[in-house]
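Q: Here it is, the structure, as structure tokens.
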Amino acid sequence: MPRLLSILKDRNCKSQINERSLKEYFSSTVSASFIGRMARKVGLKQRKCRFNPISFVTSIIVQTGSGAKFTIASIGARYAALSGQSMESKPFHNKIKKPEVTQLMGMLLKRYTDFLSAEFAQPKHGRLLLNILREHGLAVEDIEAVDGSYWHVNDKLEDIFPGCRTAAKGDELPDTYDEQGNAVSKEPKNAQIGMQTVFSLVTGMFKAVTFTSGTADEREAVNADEKYPVLKIMDAGYVSYALLGLIHKAGSYFMLRGKCNMTGKITACFLKGKSLTNFIDKDLKEPLLRDYRPHDILDMDVTLNNGLQVRVLRVWSNNKDTVSYLITDIPRQCFPAQYAVLIQKLRWSIELLFKCLKSGVNLRGVNTSYLTIVYTIAQASLIAAIIKYLIYLYLDEKHRYYISMYKVFVNCDPWWDEYCVNLFKLNIRALKQNFKMIRTIANQYQKSHTSKTREEEFKSLEAVIEFLSKAPIKTTIEANFSYA
């Protein structure tokens, strides 16, 4: 059932986003003739048929990225306007639910992602962050934030996509009461899709997407056997000693939040460079470990139950008003404790992506009982996200990196419809006018001013990168005896 989208990455290419490169990118990626050929290849377009696959694909992608009402009927109306061929509701629904449509949309999505990774690479922040890690001894090729996003779909899909959370209330059972005399309700149906996502902080866009049920173990979607070393940043839901062992064995690194009941034997403990021998041979569950100077960072070497040697940072959590643990295999000589804890904050970049996907490209699910339509709309939403992301990169470079990705995603209605129509027709002259119009309203996409308090609390990507860039680079001996 899970459908995986993966992106290959040319790690040596340079980023230069301008009008010319965007036009070349789009013209070499997806053209009207390419869509027509693929439509015939999958069997969607027959020889003697008035059906227009270019207008059909365009109407789906435009509608997913539009702020207008998102329904199958609205897609049908847009197709009629683009193609001049009005279709009744039933025939259009029969067309969009075909597996061939899902297959075609998957081909287009793969085409976009492959060209994106091959032609466009590291934006400014991605390059800086990768260089910082390499300067400190982490020979990684990418920084991956891993997390899942969930949305509800039609309850008829509950057998395929069982959900784990719902605020819905079940219908009351007639003449049925519990021991206290209260009416008994049915267990509410709950169908939920999980989108397990790997987000590249180097390219600034999703790298792999796996669709699962809402109850699936999100850890199973993590690829531990990477072709090249990476740094994976995850939350507490991904704690698995076996998974961490596989990542470490593959030559990669990890940083994730540990659970409050995690266990392990402490073999070394440092506080501000001084060794605390009282905690050696103790377990992480020791109450004293949580209570001892809770607002200070304890930097510990720990042997997990499966024998894996890891580094555990005990830090104070302002949100939870208690201490929490961070698990990593980043060596102490690479980053001291006060710098290493900030790496976990980079995980919030994937939360921004989910925010953009849900608010900017309607990736919140669709109320249909047809699985093919669910996958078609999901893939179309990801295509729309890539198109908007490229416009964001274009504006961000042009305006010296002060453009908000979220604002571009949600405030694009003045140009989105016409831009996509001209894009899929490859009307270069019209696209030039679209770019001009986008530039004229670029001021509304500028980032909000980051307050000094937010910078001090490292609640912005820029603040974290700036602080990490100032981390002291020391030799192994100096690291062991000077700081922890």
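Ordering of the structure tokens sets the chain letters (A, B, ...); residue numbers start at 1 within each chain; ligands are numbered from 1 in the order shown.
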Which residues come within 12 Å of Met437 of chain A, counting only C-alpha atoms, excluding same-chain residues fewer than 6 positions away, as a PDB file with all heavy atoms, in the first residue's frame?

A:
ATOM      1  N   LEU A 395      12.272  34.422  -6.112  1.00  0.00           N
ATOM      2  CA  LEU A 395      12.083  35.689  -5.411  1.00  0.00           C
ATOM      3  C   LEU A 395      13.073  35.852  -4.266  1.00  0.00           C
ATOM      4  O   LEU A 395      13.556  36.952  -3.998  1.00  0.00           O
ATOM      5  CB  LEU A 395      10.652  35.777  -4.877  1.00  0.00           C
ATOM      6  CG  LEU A 395       9.541  35.906  -5.928  1.00  0.00           C
ATOM      7  CD1 LEU A 395       8.175  35.861  -5.256  1.00  0.00           C
ATOM      8  CD2 LEU A 395       9.704  37.192  -6.725  1.00  0.00           C
ATOM      9  N   CYS A 412      -0.709  33.394  -3.437  1.00  0.00           N
ATOM     10  CA  CYS A 412      -0.320  33.364  -4.848  1.00  0.00           C
ATOM     11  C   CYS A 412      -1.516  33.461  -5.796  1.00  0.00           C
ATOM     12  O   CYS A 412      -1.347  33.331  -7.019  1.00  0.00           O
ATOM     13  CB  CYS A 412       0.458  32.083  -5.149  1.00  0.00           C
ATOM     14  SG  CYS A 412      -0.514  30.584  -4.885  1.00  0.00           S
ATOM     15  N   ASP A 413      -2.713  33.675  -5.276  1.00  0.00           N
ATOM     16  CA  ASP A 413      -3.906  33.708  -6.129  1.00  0.00           C
ATOM     17  C   ASP A 413      -3.843  34.740  -7.257  1.00  0.00           C
ATOM     18  O   ASP A 413      -4.389  34.495  -8.336  1.00  0.00           O
ATOM     19  CB  ASP A 413      -5.161  33.937  -5.283  1.00  0.00           C
ATOM     20  CG  ASP A 413      -5.614  32.664  -4.581  1.00  0.00           C
ATOM     21  OD1 ASP A 413      -5.042  31.595  -4.892  1.00  0.00           O
ATOM     22  OD2 ASP A 413      -6.518  32.720  -3.731  1.00  0.00           O
ATOM     23  N   PRO A 414      -3.190  35.907  -7.077  1.00  0.00           N
ATOM     24  CA  PRO A 414      -3.161  36.882  -8.191  1.00  0.00           C
ATOM     25  C   PRO A 414      -2.488  36.363  -9.454  1.00  0.00           C
ATOM     26  O   PRO A 414      -2.773  36.856 -10.550  1.00  0.00           O
ATOM     27  CB  PRO A 414      -2.384  38.066  -7.587  1.00  0.00           C
ATOM     28  CG  PRO A 414      -2.615  37.963  -6.118  1.00  0.00           C
ATOM     29  CD  PRO A 414      -2.628  36.486  -5.837  1.00  0.00           C
ATOM     30  N   TRP A 415      -1.595  35.400  -9.331  1.00  0.00           N
ATOM     31  CA  TRP A 415      -0.862  34.934 -10.509  1.00  0.00           C
ATOM     32  C   TRP A 415      -0.909  33.427 -10.728  1.00  0.00           C
ATOM     33  O   TRP A 415      -0.544  32.936 -11.802  1.00  0.00           O
ATOM     34  CB  TRP A 415       0.612  35.360 -10.420  1.00  0.00           C
ATOM     35  CG  TRP A 415       1.292  34.998  -9.128  1.00  0.00           C
ATOM     36  CD1 TRP A 415       1.408  35.786  -8.024  1.00  0.00           C
ATOM     37  CD2 TRP A 415       1.951  33.761  -8.794  1.00  0.00           C
ATOM     38  NE1 TRP A 415       2.098  35.135  -7.019  1.00  0.00           N
ATOM     39  CE2 TRP A 415       2.443  33.885  -7.471  1.00  0.00           C
ATOM     40  CE3 TRP A 415       2.182  32.569  -9.480  1.00  0.00           C
ATOM     41  CZ2 TRP A 415       3.144  32.860  -6.834  1.00  0.00           C
ATOM     42  CZ3 TRP A 415       2.871  31.541  -8.841  1.00  0.00           C
ATOM     43  CH2 TRP A 415       3.342  31.700  -7.542  1.00  0.00           C
ATOM     44  N   TRP A 416      -1.367  32.650  -9.768  1.00  0.00           N
ATOM     45  CA  TRP A 416      -1.238  31.201  -9.817  1.00  0.00           C
ATOM     46  C   TRP A 416      -1.951  30.568 -11.012  1.00  0.00           C
ATOM     47  O   TRP A 416      -1.353  29.784 -11.768  1.00  0.00           O
ATOM     48  CB  TRP A 416      -1.744  30.590  -8.516  1.00  0.00           C
ATOM     49  CG  TRP A 416      -1.831  29.082  -8.533  1.00  0.00           C
ATOM     50  CD1 TRP A 416      -2.951  28.312  -8.556  1.00  0.00           C
ATOM     51  CD2 TRP A 416      -0.727  28.166  -8.542  1.00  0.00           C
ATOM     52  NE1 TRP A 416      -2.628  26.986  -8.586  1.00  0.00           N
ATOM     53  CE2 TRP A 416      -1.265  26.869  -8.578  1.00  0.00           C
ATOM     54  CE3 TRP A 416       0.656  28.313  -8.547  1.00  0.00           C
ATOM     55  CZ2 TRP A 416      -0.467  25.724  -8.592  1.00  0.00           C
ATOM     56  CZ3 TRP A 416       1.454  27.172  -8.566  1.00  0.00           C
ATOM     57  CH2 TRP A 416       0.892  25.906  -8.594  1.00  0.00           C
ATOM     58  N   GLU A 418      -3.153  31.756 -13.962  1.00  0.00           N
ATOM     59  CA  GLU A 418      -2.627  32.107 -15.281  1.00  0.00           C
ATOM     60  C   GLU A 418      -1.217  31.574 -15.467  1.00  0.00           C
ATOM     61  O   GLU A 418      -0.849  31.116 -16.552  1.00  0.00           O
ATOM     62  CB  GLU A 418      -2.652  33.628 -15.461  1.00  0.00           C
ATOM     63  CG  GLU A 418      -2.230  34.081 -16.848  1.00  0.00           C
ATOM     64  CD  GLU A 418      -2.277  35.592 -16.995  1.00  0.00           C
ATOM     65  OE1 GLU A 418      -2.783  36.268 -16.066  1.00  0.00           O
ATOM     66  OE2 GLU A 418      -1.800  36.084 -18.036  1.00  0.00           O
ATOM     67  N   TYR A 419      -0.423  31.621 -14.405  1.00  0.00           N
ATOM     68  CA  TYR A 419       0.953  31.135 -14.491  1.00  0.00           C
ATOM     69  C   TYR A 419       0.985  29.652 -14.850  1.00  0.00           C
ATOM     70  O   TYR A 419       1.753  29.220 -15.728  1.00  0.00           O
ATOM     71  CB  TYR A 419       1.674  31.385 -13.166  1.00  0.00           C
ATOM     72  CG  TYR A 419       3.093  30.885 -13.149  1.00  0.00           C
ATOM     73  CD1 TYR A 419       4.122  31.640 -13.695  1.00  0.00           C
ATOM     74  CD2 TYR A 419       3.410  29.650 -12.599  1.00  0.00           C
ATOM     75  CE1 TYR A 419       5.429  31.183 -13.697  1.00  0.00           C
ATOM     76  CE2 TYR A 419       4.706  29.179 -12.590  1.00  0.00           C
ATOM     77  CZ  TYR A 419       5.716  29.949 -13.142  1.00  0.00           C
ATOM     78  OH  TYR A 419       7.007  29.489 -13.147  1.00  0.00           O
ATOM     79  N   ALA A 430       4.029  34.769 -22.522  1.00  0.00           N
ATOM     80  CA  ALA A 430       3.091  35.007 -21.428  1.00  0.00           C
ATOM     81  C   ALA A 430       3.744  34.778 -20.071  1.00  0.00           C
ATOM     82  O   ALA A 430       3.463  35.495 -19.098  1.00  0.00           O
ATOM     83  CB  ALA A 430       1.861  34.111 -21.588  1.00  0.00           C
ATOM     84  N   LEU A 431       4.631  33.785 -19.987  1.00  0.00           N
ATOM     85  CA  LEU A 431       5.331  33.528 -18.729  1.00  0.00           C
ATOM     86  C   LEU A 431       6.195  34.717 -18.328  1.00  0.00           C
ATOM     87  O   LEU A 431       6.339  35.023 -17.142  1.00  0.00           O
ATOM     88  CB  LEU A 431       6.199  32.270 -18.849  1.00  0.00           C
ATOM     89  CG  LEU A 431       5.477  30.924 -18.738  1.00  0.00           C
ATOM     90  CD1 LEU A 431       6.443  29.783 -19.011  1.00  0.00           C
ATOM     91  CD2 LEU A 431       4.841  30.759 -17.362  1.00  0.00           C
ATOM     92  N   ASN A 443       6.804  42.401  -2.542  1.00  0.00           N
ATOM     93  CA  ASN A 443       6.901  43.001  -1.206  1.00  0.00           C
ATOM     94  C   ASN A 443       5.963  42.338  -0.198  1.00  0.00           C
ATOM     95  O   ASN A 443       6.266  42.287   0.996  1.00  0.00           O
ATOM     96  CB  ASN A 443       6.607  44.495  -1.271  1.00  0.00           C
ATOM     97  CG  ASN A 443       7.739  45.273  -1.913  1.00  0.00           C
ATOM     98  OD1 ASN A 443       8.882  44.809  -1.918  1.00  0.00           O
ATOM     99  ND2 ASN A 443       7.447  46.437  -2.461  1.00  0.00           N
TER     100      ASN A 443
END

Q: Which residue is closest to Gly106 of chain A? Choose from A:Glu351, A:Thr372, A:Leu326, A:Phe458 and count only C-alpha atoms.

A: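 Closest to Gly106 of chain A, using only C-alpha atoms: A:Thr372.
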
Q: Select, from A:Lys447, A:Arg429, A:Lys459, A:Arg134, the residue with the minimum atom-to-atom distance to Tyr392 of chain A, counting only C-alpha atoms.

A: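 Ranked by minimum distance to Tyr392 of chain A, first place goes to A:Lys447.
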
Q: As a ChimeraX atom specification, please: the residues near Thr212 of chain A (cut-off 12 Å, only C-alpha atoms, same-chain neighbours under 4 positions excluded).

A: /A:1-4,148-151,160-163,191-197,216-221,375

Q: Enumerate as a ChimeraX atom specification all residues of segment 397-454 of chain A assigned to alpha helix (DSSP H) by DSSP on the backbone, naming them with the chain letters and numbers the document uses.

A: /A:397-398,405-410,416-425,428-440,452-454

Q: Produce a file of the selected residues containing C-alpha atoms, as a tab-separated table (two decimals), in the first residue's frame.

A:
chain	number	residue	atom	x	y	z
A	397	GLU	CA	17.49	35.15	-4.43
A	398	LYS	CA	16.27	38.29	-6.17
A	405	MET	CA	8.12	30.55	1.69
A	406	TYR	CA	4.80	30.28	3.54
A	407	LYS	CA	3.57	33.64	2.22
A	408	VAL	CA	4.41	32.64	-1.34
A	409	PHE	CA	2.46	29.41	-0.93
A	410	VAL	CA	-0.72	30.96	0.51
A	416	TRP	CA	-1.24	31.20	-9.82
A	417	ASP	CA	-4.00	30.24	-12.28
A	418	GLU	CA	-2.63	32.11	-15.28
A	419	TYR	CA	0.95	31.13	-14.49
A	420	CYS	CA	0.15	27.40	-14.44
A	421	VAL	CA	-1.88	27.58	-17.64
A	422	ASN	CA	0.99	29.31	-19.45
A	423	LEU	CA	3.48	26.95	-17.83
A	424	PHE	CA	1.92	23.77	-19.16
A	425	LYS	CA	1.38	25.36	-22.56
A	428	ILE	CA	7.21	31.76	-22.94
A	429	ARG	CA	6.01	35.26	-23.86
A	430	ALA	CA	3.09	35.01	-21.43
A	431	LEU	CA	5.33	33.53	-18.73
A	432	LYS	CA	7.59	36.57	-19.03
A	433	GLN	CA	4.61	38.77	-18.19
A	434	ASN	CA	3.74	36.47	-15.30
A	435	PHE	CA	7.23	36.83	-13.86
A	436	LYS	CA	6.96	40.60	-14.16
A	437	MET	CA	3.64	40.56	-12.30
A	438	ILE	CA	5.07	38.31	-9.57
A	439	ARG	CA	8.00	40.68	-9.05
A	440	THR	CA	5.70	43.69	-8.68
A	452	LYS	CA	15.16	39.93	19.36
A	453	THR	CA	13.51	37.54	21.82
A	454	ARG	CA	12.89	34.95	19.09

Q: In Å to one decimal, how far is atom CA of Leu342 of chain A from atom CA of Val310 of chain A?

A: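 Atom-to-atom, atom CA of Val310 of chain A and atom CA of Leu342 of chain A are spaced 17.5 Å apart.
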
Q: Find the residues around Ala380 of chain A up to 8 Å (only C-alpha atoms counted), leave out those fewer than 6 positions away in its own chain, and share them as a list in words.

A: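 The neighbour list is Ile60, Ile61, Thr64, Met105 and Leu109 of chain A.
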
Q: Excluding same-chain residues fewer than 2 positions from segment 67-77 of chain A, what lies within 10 Å of it counting only C-alpha atoms, as number ranges by chain?

A: A: 56-65, 79-82, 85-93, 96, 359-362, 366-368, 373, 377, 409-413, 416

Q: Please return, as a CSV table (one decimal) with N, CA, C and O atoms, in the first residue's frame, all residues of segment 302-367 of chain A that DSSP assigns to strand (DSSP E) on the basis of the backbone.

A:
chain,number,residue,atom,x,y,z
A,302,VAL,N,26.5,7.1,26.9
A,302,VAL,CA,25.5,6.1,27.3
A,302,VAL,C,25.6,4.8,26.5
A,302,VAL,O,25.7,4.9,25.2
A,303,THR,N,25.5,3.7,27.1
A,303,THR,CA,25.4,2.4,26.4
A,303,THR,C,24.0,1.9,26.5
A,303,THR,O,23.4,1.7,27.6
A,309,GLN,N,26.7,2.5,21.6
A,309,GLN,CA,27.3,3.7,22.3
A,309,GLN,C,26.8,5.0,21.7
A,309,GLN,O,27.0,5.2,20.5
A,310,VAL,N,26.1,5.8,22.5
A,310,VAL,CA,25.5,7.0,22.0
A,310,VAL,C,25.9,8.1,23.0
A,310,VAL,O,26.4,7.9,24.1
A,311,ARG,N,25.6,9.3,22.6
A,311,ARG,CA,25.8,10.5,23.4
A,311,ARG,C,24.4,11.1,23.7
A,311,ARG,O,23.5,11.3,22.8
A,312,VAL,N,24.1,11.3,25.0
A,312,VAL,CA,22.8,11.7,25.4
A,312,VAL,C,23.0,13.1,26.1
A,312,VAL,O,23.8,13.2,27.0
A,313,LEU,N,22.2,14.1,25.7
A,313,LEU,CA,22.2,15.4,26.2
A,313,LEU,C,21.0,15.6,27.1
A,313,LEU,O,19.9,15.5,26.5
A,314,ARG,N,21.1,15.9,28.3
A,314,ARG,CA,20.0,16.2,29.2
A,314,ARG,C,19.8,17.7,29.2
A,314,ARG,O,20.7,18.5,29.6
A,315,VAL,N,18.7,18.2,28.7
A,315,VAL,CA,18.5,19.6,28.5
A,315,VAL,C,17.2,20.0,29.2
A,315,VAL,O,16.3,19.2,29.5
A,316,TRP,N,17.0,21.3,29.4
A,316,TRP,CA,15.8,21.9,30.0
A,316,TRP,C,14.8,22.2,28.9
A,316,TRP,O,15.2,22.9,27.9
A,317,SER,N,13.6,21.8,29.0
A,317,SER,CA,12.6,22.1,28.0
A,317,SER,C,11.6,23.2,28.6
A,317,SER,O,10.9,22.9,29.6
A,322,THR,N,10.3,20.9,32.2
A,322,THR,CA,11.0,19.8,32.8
A,322,THR,C,12.2,19.5,31.9
A,322,THR,O,12.4,20.1,30.9
A,323,VAL,N,13.0,18.5,32.4
A,323,VAL,CA,14.2,18.1,31.6
A,323,VAL,C,13.7,17.1,30.5
A,323,VAL,O,12.7,16.4,30.7
A,324,SER,N,14.5,17.1,29.4
A,324,SER,CA,14.2,16.1,28.4
A,324,SER,C,15.6,15.6,27.8
A,324,SER,O,16.6,16.2,28.2
A,325,TYR,N,15.6,14.6,27.0
A,325,TYR,CA,16.8,14.0,26.5
A,325,TYR,C,16.9,14.1,25.0
A,325,TYR,O,15.9,14.0,24.3
A,326,LEU,N,18.1,14.3,24.6
A,326,LEU,CA,18.5,14.3,23.1
A,326,LEU,C,19.5,13.2,22.9
A,326,LEU,O,20.5,13.1,23.6
A,327,ILE,N,19.2,12.3,21.9
A,327,ILE,CA,20.1,11.2,21.6
A,327,ILE,C,20.8,11.5,20.3
A,327,ILE,O,20.2,11.9,19.3
A,328,THR,N,22.1,11.3,20.3
A,328,THR,CA,22.9,11.6,19.1
A,328,THR,C,24.2,10.7,19.0
A,328,THR,O,24.6,10.2,20.1

Q: Between A:Asn190, A:Asn318, A:Ser404, A:Thr113, which has the minimum distance to Thr203 of chain A (counting only C-alpha atoms)?

A: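 So, comparing all the options, the nearest one is A:Thr113.
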
Q: Name the closest residue to Leu104 of chain A among the candidates A:Ala385, A:Tyr402, A:Ile54, A:Cys269; distances are taken between atoms, counting only C-alpha atoms.

A: A:Ile54

Q: Work out how far apart atom CA of Thr102 of chain A and atom CA of Lys355 of chain A are and give it in Å to one decimal.

A: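 About the pair atom CA of Thr102 of chain A and atom CA of Lys355 of chain A: they are 24.5 Å apart.
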
Q: Would you please work out which residue, of A:Thr29, A:Ala145, A:His136, A:Gly84, is nearest to Ser55 of chain A when using only C-alpha atoms?

A: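 The shortest atom-to-atom distance to Ser55 of chain A comes from A:Gly84.
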
Q: Which residue out of A:Asp396, A:Lys207, A:Gln338, A:Phe279 has the minimum interatomic distance to Asp114 of chain A when only C-alpha atoms are used?

A: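 Closest to Asp114 of chain A, using only C-alpha atoms: A:Lys207.
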
Q: Residues at most 9 Å from Val239 of chain A, counting only C-alpha atoms, excluding those fewer than 3 positions away in the same chain, as an mmCIF file with N, CA, C and O atoms, in the first residue's frame?

A:
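Final file, around-v8.cif:
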data_model
loop_
_atom_site.group_PDB
_atom_site.id
_atom_site.type_symbol
_atom_site.label_atom_id
_atom_site.label_comp_id
_atom_site.auth_asym_id
_atom_site.auth_seq_id
_atom_site.Cartn_x
_atom_site.Cartn_y
_atom_site.Cartn_z
ATOM 1 N N ARG A 219 8.357 4.705 12.062
ATOM 2 C CA ARG A 219 9.779 4.353 12.037
ATOM 3 C C ARG A 219 10.117 3.425 10.880
ATOM 4 O O ARG A 219 11.256 3.385 10.422
ATOM 5 N N MET A 234 15.195 13.803 14.050
ATOM 6 C CA MET A 234 13.878 13.216 14.259
ATOM 7 C C MET A 234 13.330 13.583 15.627
ATOM 8 O O MET A 234 14.044 14.071 16.491
ATOM 9 N N ASP A 235 12.041 13.292 15.812
ATOM 10 C CA ASP A 235 11.381 13.551 17.086
ATOM 11 C C ASP A 235 11.293 12.256 17.894
ATOM 12 O O ASP A 235 11.725 11.190 17.438
ATOM 13 N N ALA A 236 10.660 12.342 19.069
ATOM 14 C CA ALA A 236 10.631 11.198 19.988
ATOM 15 C C ALA A 236 9.886 9.996 19.424
ATOM 16 O O ALA A 236 10.129 8.864 19.844
ATOM 17 N N ALA A 242 17.127 -0.203 17.729
ATOM 18 C CA ALA A 242 17.530 -0.979 16.553
ATOM 19 C C ALA A 242 17.726 -0.080 15.345
ATOM 20 O O ALA A 242 18.698 -0.215 14.588
ATOM 21 N N LEU A 243 16.795 0.877 15.137
ATOM 22 C CA LEU A 243 16.903 1.809 14.022
ATOM 23 C C LEU A 243 18.149 2.679 14.152
ATOM 24 O O LEU A 243 18.875 2.895 13.176
ATOM 25 N N LEU A 244 18.416 3.173 15.349
ATOM 26 C CA LEU A 244 19.600 4.005 15.566
ATOM 27 C C LEU A 244 20.874 3.218 15.275
ATOM 28 O O LEU A 244 21.838 3.759 14.717
ATOM 29 N N LEU A 256 17.885 13.028 17.785
ATOM 30 C CA LEU A 256 16.450 12.932 18.025
ATOM 31 C C LEU A 256 16.150 13.091 19.505
ATOM 32 O O LEU A 256 17.009 12.885 20.369
ATOM 33 N N ARG A 257 14.926 13.469 19.762
ATOM 34 C CA ARG A 257 14.479 13.642 21.135
ATOM 35 C C ARG A 257 14.163 12.288 21.739
ATOM 36 O O ARG A 257 13.453 11.476 21.145
ATOM 37 N N GLY A 258 14.681 12.021 22.931
ATOM 38 C CA GLY A 258 14.442 10.745 23.593
ATOM 39 C C GLY A 258 13.177 10.780 24.424
ATOM 40 O O GLY A 258 12.654 11.836 24.773
ATOM 41 N N LYS A 259 12.678 9.589 24.736
ATOM 42 C CA LYS A 259 11.498 9.488 25.579
ATOM 43 C C LYS A 259 11.891 9.579 27.047
ATOM 44 O O LYS A 259 13.012 9.259 27.436
ATOM 45 N N ILE A 327 19.223 12.327 21.928
ATOM 46 C CA ILE A 327 20.109 11.207 21.624
ATOM 47 C C ILE A 327 20.825 11.497 20.315
ATOM 48 O O ILE A 327 20.197 11.870 19.321
#
